Amino acid sequence: MPKEPNLLSFKLTQEFLANVGGNDAVDVVRVCLEKNGKCLDEDIEQKLKRLKITEIRSILNRLHYRGIACYNKSKNKNSGWYTYTWEIKQRRIIELILEQQSELLQKLEKKAEFDSGHELFVCKKACEETPFEIAAQYEFRCPECGEMMNPMDGKKNQREIQGQINGLKGELNQLQKIL
């Protein structure tokens with residue numbers, strides 16, 4: 001029987017965590033999840049020897065700001081020091097990704113709809129896709145670089161956008177199954 005994918009196995013999740021918490025956020029989250037989602041920042045430091053405790057805390061605080069990581073604070077009566085037990089909220093990660101990617105999906109679908117109704121032109125540098133009406137106003141010269149614009153292959157462009165849409169829908173469906 002195939003193994004169920006975990007949250008961090010998705011490229012989408014890794015990119016999202018890196019954007020929110022920095023390049024090492026995926027590793028920090030992985031360590032927390034290996035410990036059933038709850039651990040001390042010192043535990044993470046022992047596991048990820050290349051990171052300093054201050055870097056780990058910085059990552060955790062960035063994740064905390066987005067509601068991905070939360071903590072319980074307890075005071076050691078002898079030393080007076082506080083201990084933070086961090087917990088990663090997988091559900092929150094999925095919710096944020098779904099929200100973000102749903103917006104992207106809507107933009108792609110609108111672009112596909114717009115592109116299907118217009119003949120688009122583009123320069124060799126692919127600065128900007130321009131509808132025929134606007135390209136004609138610029139005498140088919142790119143407004144950004146001045147190069148001549150040529151018609152795009154509309155069917156190829158539609159296939160690419162549809163491929164992006166289908167791939168995104170597939171990943172979103174997989175993530176929703178984890179919820």
# chains A, B, ... in the order shown; residues from 1 in each chain; ligands from 1
>>> residues_around(residues="Leu108 in chain A", least_positions_apart="3", cutoff="10 Å", atoms="only C-alpha atoms", output="list in words")
Ser102, Glu103, Leu104, Leu105, Lys111, Ala112, Glu113, Phe114, Ile161, Gln162, Gln164, Ile165 and Leu168 of chain A
>>> residues_around(residues="range 60-69 of chain A", least_positions_apart="5", cutoff="8 Å", atoms="only C-alpha atoms", output="PDB file with C-alpha atoms, in the first residue's frame")
ATOM      1  CA  VAL A  20       7.129  32.754   5.703  1.00  0.00           C
ATOM      2  CA  GLY A  21       9.937  31.612   7.995  1.00  0.00           C
ATOM      3  CA  ALA A  25      11.939  26.950   8.320  1.00  0.00           C
ATOM      4  CA  VAL A  28      12.656  23.499  11.930  1.00  0.00           C
ATOM      5  CA  TRP A  86       6.622  25.026  20.628  1.00  0.00           C
ATOM      6  CA  GLU A  87       3.847  23.363  18.664  1.00  0.00           C
ATOM      7  CA  ILE A  88       3.363  23.375  14.906  1.00  0.00           C
ATOM      8  CA  LYS A  89      -0.209  23.698  13.626  1.00  0.00           C
ATOM      9  CA  GLN A  90      -0.341  21.629  10.431  1.00  0.00           C
ATOM     10  CA  ARG A  92      -3.021  26.280   9.832  1.00  0.00           C
ATOM     11  CA  ILE A  93      -0.240  25.672   7.282  1.00  0.00           C
TER      12      ILE A  93
END
>>> atom_distance(atom1="CA of Asn78 in chain A", atom2="CA of Leu40 in chain A")
18.7 Å
>>> closest_atom_pairs(of="range 11-123 of chain A", to="range 145-160 of chain A", cutoff="6 Å", atoms="only C-alpha atoms", output="Markdown table")
| residue | atom | partner | partner_atom | distance |
| --- | --- | --- | --- | --- |
| A:Leu120 | CA | A:Met152 | CA | 5.7 |
| A:Phe121 | CA | A:Pro151 | CA | 4.3 |
| A:Val122 | CA | A:Met149 | CA | 4.8 |
| A:Cys123 | CA | A:Met149 | CA | 4.2 |
>>> write_last_selection(atoms="N, CA and C atoms", output="PDB file, in the first residue's frame")
ATOM      1  N   LEU A 120      -2.668  37.620 -28.733  1.00  0.00           N
ATOM      2  CA  LEU A 120      -1.610  38.262 -27.965  1.00  0.00           C
ATOM      3  C   LEU A 120      -0.328  38.357 -28.769  1.00  0.00           C
ATOM      4  N   PHE A 121       0.427  39.418 -28.492  1.00  0.00           N
ATOM      5  CA  PHE A 121       1.712  39.648 -29.134  1.00  0.00           C
ATOM      6  C   PHE A 121       2.777  39.774 -28.053  1.00  0.00           C
ATOM      7  N   VAL A 122       4.006  39.360 -28.421  1.00  0.00           N
ATOM      8  CA  VAL A 122       5.100  39.419 -27.460  1.00  0.00           C
ATOM      9  C   VAL A 122       6.414  39.631 -28.216  1.00  0.00           C
ATOM     10  N   CYS A 123       7.386  40.284 -27.561  1.00  0.00           N
ATOM     11  CA  CYS A 123       8.703  40.488 -28.171  1.00  0.00           C
ATOM     12  C   CYS A 123       9.581  39.267 -27.893  1.00  0.00           C
TER      13      CYS A 123
END
>>> residues_around(residues="Gly170 in chain A", least_positions_apart="5", cutoff="12 Å", atoms="only C-alpha atoms", output="PDB file with N, CA, C and O atoms, in the first residue's frame")
ATOM      1  N   PHE A  10       5.223  18.035   0.010  1.00  0.00           N
ATOM      2  CA  PHE A  10       4.737  18.872  -1.083  1.00  0.00           C
ATOM      3  C   PHE A  10       5.681  20.048  -1.306  1.00  0.00           C
ATOM      4  O   PHE A  10       6.030  20.765  -0.365  1.00  0.00           O
ATOM      5  N   LEU A  12       4.940  22.743  -2.702  1.00  0.00           N
ATOM      6  CA  LEU A  12       4.142  23.917  -2.368  1.00  0.00           C
ATOM      7  C   LEU A  12       4.307  24.292  -0.894  1.00  0.00           C
ATOM      8  O   LEU A  12       4.474  25.468  -0.559  1.00  0.00           O
ATOM      9  N   LEU A  98      -3.888  26.901   1.102  1.00  0.00           N
ATOM     10  CA  LEU A  98      -5.114  26.812   0.306  1.00  0.00           C
ATOM     11  C   LEU A  98      -5.643  28.199  -0.035  1.00  0.00           C
ATOM     12  O   LEU A  98      -6.061  28.449  -1.174  1.00  0.00           O
ATOM     13  N   GLN A 101      -3.137  29.776  -2.627  1.00  0.00           N
ATOM     14  CA  GLN A 101      -3.169  29.121  -3.931  1.00  0.00           C
ATOM     15  C   GLN A 101      -4.530  29.257  -4.610  1.00  0.00           C
ATOM     16  O   GLN A 101      -4.610  29.235  -5.829  1.00  0.00           O
ATOM     17  N   LEU A 105      -5.036  30.446  -8.324  1.00  0.00           N
ATOM     18  CA  LEU A 105      -5.871  29.675  -9.239  1.00  0.00           C
ATOM     19  C   LEU A 105      -6.891  30.573  -9.932  1.00  0.00           C
ATOM     20  O   LEU A 105      -7.097  30.476 -11.145  1.00  0.00           O
ATOM     21  N   GLY A 163      -2.284  23.520 -18.006  1.00  0.00           N
ATOM     22  CA  GLY A 163      -1.400  22.607 -17.276  1.00  0.00           C
ATOM     23  C   GLY A 163      -1.090  23.122 -15.887  1.00  0.00           C
ATOM     24  O   GLY A 163      -1.081  22.355 -14.912  1.00  0.00           O
ATOM     25  N   GLN A 164      -0.838  24.434 -15.777  1.00  0.00           N
ATOM     26  CA  GLN A 164      -0.593  25.041 -14.466  1.00  0.00           C
ATOM     27  C   GLN A 164      -1.831  24.921 -13.580  1.00  0.00           C
ATOM     28  O   GLN A 164      -1.737  24.591 -12.397  1.00  0.00           O
ATOM     29  N   ILE A 165      -2.987  25.191 -14.166  1.00  0.00           N
ATOM     30  CA  ILE A 165      -4.241  25.114 -13.407  1.00  0.00           C
ATOM     31  C   ILE A 165      -4.474  23.692 -12.906  1.00  0.00           C
ATOM     32  O   ILE A 165      -4.788  23.474 -11.734  1.00  0.00           O
ATOM     33  N   LEU A 175      -3.558  18.320  -0.621  1.00  0.00           N
ATOM     34  CA  LEU A 175      -3.437  19.010   0.671  1.00  0.00           C
ATOM     35  C   LEU A 175      -4.738  18.938   1.458  1.00  0.00           C
ATOM     36  O   LEU A 175      -4.731  18.753   2.668  1.00  0.00           O
ATOM     37  N   GLN A 176      -5.866  19.082   0.768  1.00  0.00           N
ATOM     38  CA  GLN A 176      -7.162  19.032   1.450  1.00  0.00           C
ATOM     39  C   GLN A 176      -7.406  17.648   2.053  1.00  0.00           C
ATOM     40  O   GLN A 176      -8.072  17.528   3.080  1.00  0.00           O
ATOM     41  N   LYS A 177      -6.859  16.610   1.436  1.00  0.00           N
ATOM     42  CA  LYS A 177      -7.013  15.258   1.981  1.00  0.00           C
ATOM     43  C   LYS A 177      -6.297  15.116   3.320  1.00  0.00           C
ATOM     44  O   LYS A 177      -6.714  14.334   4.168  1.00  0.00           O
TER      45      LYS A 177
END
>>> select_by_dssp(residues="range 48-126 of chain A", states="helix (DSSP H, G or I)", output="PyMOL selection string")
chain A and resi 53-65+90-116
>>> write_last_selection(atoms="C-alpha atoms", output="short mmCIF file (atom, residue, chain, number, x, y, z; two decimals), in the first residue's frame")
data_model
loop_
_atom_site.label_atom_id
_atom_site.label_comp_id
_atom_site.auth_asym_id
_atom_site.auth_seq_id
_atom_site.Cartn_x
_atom_site.Cartn_y
_atom_site.Cartn_z
CA ILE A 53 19.34 28.97 19.04
CA THR A 54 18.70 32.63 18.14
CA GLU A 55 18.13 31.69 14.48
CA ILE A 56 15.74 28.93 15.49
CA ARG A 57 13.80 31.27 17.75
CA SER A 58 13.65 33.87 14.99
CA ILE A 59 12.17 31.28 12.60
CA LEU A 60 9.69 30.09 15.21
CA ASN A 61 8.63 33.68 15.92
CA ARG A 62 8.02 34.34 12.20
CA LEU A 63 5.93 31.17 12.04
CA HIS A 64 4.16 32.23 15.24
CA TYR A 65 3.24 35.58 13.65
CA GLN A 90 -0.34 21.63 10.43
CA ARG A 91 -3.94 22.57 9.84
CA ARG A 92 -3.02 26.28 9.83
CA ILE A 93 -0.24 25.67 7.28
CA ILE A 94 -2.72 23.95 4.98
CA GLU A 95 -5.35 26.66 5.46
CA LEU A 96 -2.87 29.42 4.58
CA ILE A 97 -1.59 27.55 1.52
CA LEU A 98 -5.11 26.81 0.31
CA GLU A 99 -6.05 30.47 0.70
CA GLN A 100 -2.96 31.68 -1.13
CA GLN A 101 -3.17 29.12 -3.93
CA SER A 102 -6.91 29.63 -4.42
CA GLU A 103 -6.16 33.27 -5.23
CA LEU A 104 -3.47 32.19 -7.70
CA LEU A 105 -5.87 29.68 -9.24
CA GLN A 106 -8.48 32.41 -9.77
CA LYS A 107 -5.87 34.63 -11.46
CA LEU A 108 -4.79 31.80 -13.76
CA GLU A 109 -8.39 31.01 -14.69
CA LYS A 110 -9.07 34.70 -15.45
CA LYS A 111 -5.89 34.85 -17.54
CA ALA A 112 -6.93 31.73 -19.46
CA GLU A 113 -10.34 33.26 -20.12
CA PHE A 114 -8.82 36.59 -21.23
CA ASP A 115 -6.16 34.95 -23.42
CA SER A 116 -8.72 32.75 -25.16
#
>>> select_by_dssp(residues="chain A", states="strand (DSSP E)", output="number ranges by chain")
A: 38-40, 69-75, 82-88, 120-122, 130-131, 150-151
>>> write_last_selection(atoms="C-alpha atoms", output="short mmCIF file (atom, residue, chain, number, x, y, z; two decimals), in the first residue's frame")
data_model
loop_
_atom_site.label_atom_id
_atom_site.label_comp_id
_atom_site.auth_asym_id
_atom_site.auth_seq_id
_atom_site.Cartn_x
_atom_site.Cartn_y
_atom_site.Cartn_z
CA LYS A 38 5.65 19.75 20.24
CA CYS A 39 9.24 20.46 21.21
CA LEU A 40 11.61 22.86 22.91
CA ALA A 69 3.68 27.88 15.50
CA CYS A 70 2.40 28.48 19.00
CA TYR A 71 4.03 28.01 22.36
CA ASN A 72 3.44 27.32 26.02
CA LYS A 73 5.65 29.23 28.42
CA SER A 74 6.63 27.83 31.80
CA LYS A 75 8.96 29.25 34.44
CA TYR A 82 11.38 30.55 31.04
CA THR A 83 11.04 27.44 28.89
CA TYR A 84 9.09 27.56 25.65
CA THR A 85 7.42 24.45 24.29
CA TRP A 86 6.62 25.03 20.63
CA GLU A 87 3.85 23.36 18.66
CA ILE A 88 3.36 23.37 14.91
CA LEU A 120 -1.61 38.26 -27.96
CA PHE A 121 1.71 39.65 -29.13
CA VAL A 122 5.10 39.42 -27.46
CA THR A 130 0.08 42.45 -25.20
CA PRO A 131 -3.37 42.16 -26.81
CA ASN A 150 5.09 38.91 -32.96
CA PRO A 151 1.88 36.94 -32.43
#
>>> atom_distance(atom1="CA of Glu34 in chain A", atom2="CA of Lys169 in chain A")
28.0 Å
>>> atom_distance(atom1="CA of Asn166 in chain A", atom2="CA of Thr13 in chain A")
17.5 Å
>>> decode(residues="range 73-103 of chain A", atoms="N, CA and C atoms", output="short mmCIF file (atom, residue, chain, number, x, y, z; two decimals), in the first residue's frame")
data_model
loop_
_atom_site.label_atom_id
_atom_site.label_comp_id
_atom_site.auth_asym_id
_atom_site.auth_seq_id
_atom_site.Cartn_x
_atom_site.Cartn_y
_atom_site.Cartn_z
N LYS A 73 4.53 28.70 27.68
CA LYS A 73 5.65 29.23 28.42
C LYS A 73 5.54 28.77 29.87
N SER A 74 6.63 28.23 30.40
CA SER A 74 6.63 27.83 31.80
C SER A 74 7.91 28.34 32.46
N LYS A 75 7.83 28.67 33.72
CA LYS A 75 8.96 29.25 34.44
C LYS A 75 9.57 28.21 35.37
N ASN A 76 10.89 28.08 35.30
CA ASN A 76 11.62 27.21 36.21
C ASN A 76 11.73 27.93 37.55
N LYS A 77 11.17 27.34 38.60
CA LYS A 77 11.12 27.99 39.90
C LYS A 77 12.52 28.18 40.51
N ASN A 78 13.45 27.29 40.19
CA ASN A 78 14.80 27.40 40.75
C ASN A 78 15.63 28.48 40.06
N SER A 79 15.65 28.45 38.73
CA SER A 79 16.52 29.38 38.00
C SER A 79 15.81 30.68 37.62
N GLY A 80 14.49 30.65 37.54
CA GLY A 80 13.75 31.83 37.12
C GLY A 80 13.67 31.98 35.60
N TRP A 81 14.27 31.06 34.87
CA TRP A 81 14.27 31.10 33.41
C TRP A 81 12.96 30.54 32.87
N TYR A 82 12.57 31.05 31.71
CA TYR A 82 11.38 30.55 31.04
C TYR A 82 11.77 29.48 30.02
N THR A 83 10.89 28.49 29.90
CA THR A 83 11.04 27.44 28.89
C THR A 83 9.85 27.53 27.96
N TYR A 84 10.14 27.48 26.66
CA TYR A 84 9.09 27.56 25.65
C TYR A 84 8.94 26.21 24.96
N THR A 85 7.73 25.67 25.02
CA THR A 85 7.42 24.45 24.29
C THR A 85 6.62 24.86 23.06
N TRP A 86 7.22 24.60 21.89
CA TRP A 86 6.62 25.03 20.63
C TRP A 86 5.80 23.92 20.01
N GLU A 87 4.71 24.31 19.36
CA GLU A 87 3.85 23.36 18.66
C GLU A 87 3.57 23.90 17.26
N ILE A 88 3.63 23.01 16.29
CA ILE A 88 3.36 23.37 14.91
C ILE A 88 1.92 22.97 14.57
N LYS A 89 1.19 23.92 14.01
CA LYS A 89 -0.21 23.70 13.63
C LYS A 89 -0.28 23.35 12.13
N GLN A 90 -0.30 22.06 11.84
CA GLN A 90 -0.34 21.63 10.43
C GLN A 90 -1.59 22.13 9.72
N ARG A 91 -2.68 22.12 10.43
CA ARG A 91 -3.94 22.57 9.84
C ARG A 91 -3.84 24.03 9.37
N ARG A 92 -3.18 24.85 10.17
CA ARG A 92 -3.02 26.28 9.83
C ARG A 92 -2.15 26.44 8.58
N ILE A 93 -1.10 25.63 8.47
CA ILE A 93 -0.24 25.67 7.28
C ILE A 93 -1.09 25.39 6.04
N ILE A 94 -1.88 24.34 6.11
CA ILE A 94 -2.72 23.95 4.98
C ILE A 94 -3.73 25.04 4.65
N GLU A 95 -4.36 25.60 5.68
CA GLU A 95 -5.35 26.66 5.46
C GLU A 95 -4.72 27.86 4.75
N LEU A 96 -3.54 28.27 5.19
CA LEU A 96 -2.87 29.42 4.58
C LEU A 96 -2.48 29.13 3.14
N ILE A 97 -1.98 27.93 2.89
CA ILE A 97 -1.59 27.55 1.52
C ILE A 97 -2.81 27.51 0.62
N LEU A 98 -3.89 26.90 1.10
CA LEU A 98 -5.11 26.81 0.31
C LEU A 98 -5.64 28.20 -0.04
N GLU A 99 -5.59 29.10 0.93
CA GLU A 99 -6.05 30.47 0.70
C GLU A 99 -5.19 31.15 -0.36
N GLN A 100 -3.89 31.05 -0.20
CA GLN A 100 -2.96 31.68 -1.13
C GLN A 100 -3.08 31.09 -2.54
N GLN A 101 -3.14 29.78 -2.63
CA GLN A 101 -3.17 29.12 -3.93
C GLN A 101 -4.53 29.26 -4.61
N SER A 102 -5.58 29.40 -3.82
CA SER A 102 -6.91 29.63 -4.42
C SER A 102 -6.92 30.97 -5.15
N GLU A 103 -6.26 31.97 -4.57
CA GLU A 103 -6.16 33.27 -5.23
C GLU A 103 -5.37 33.14 -6.54
#
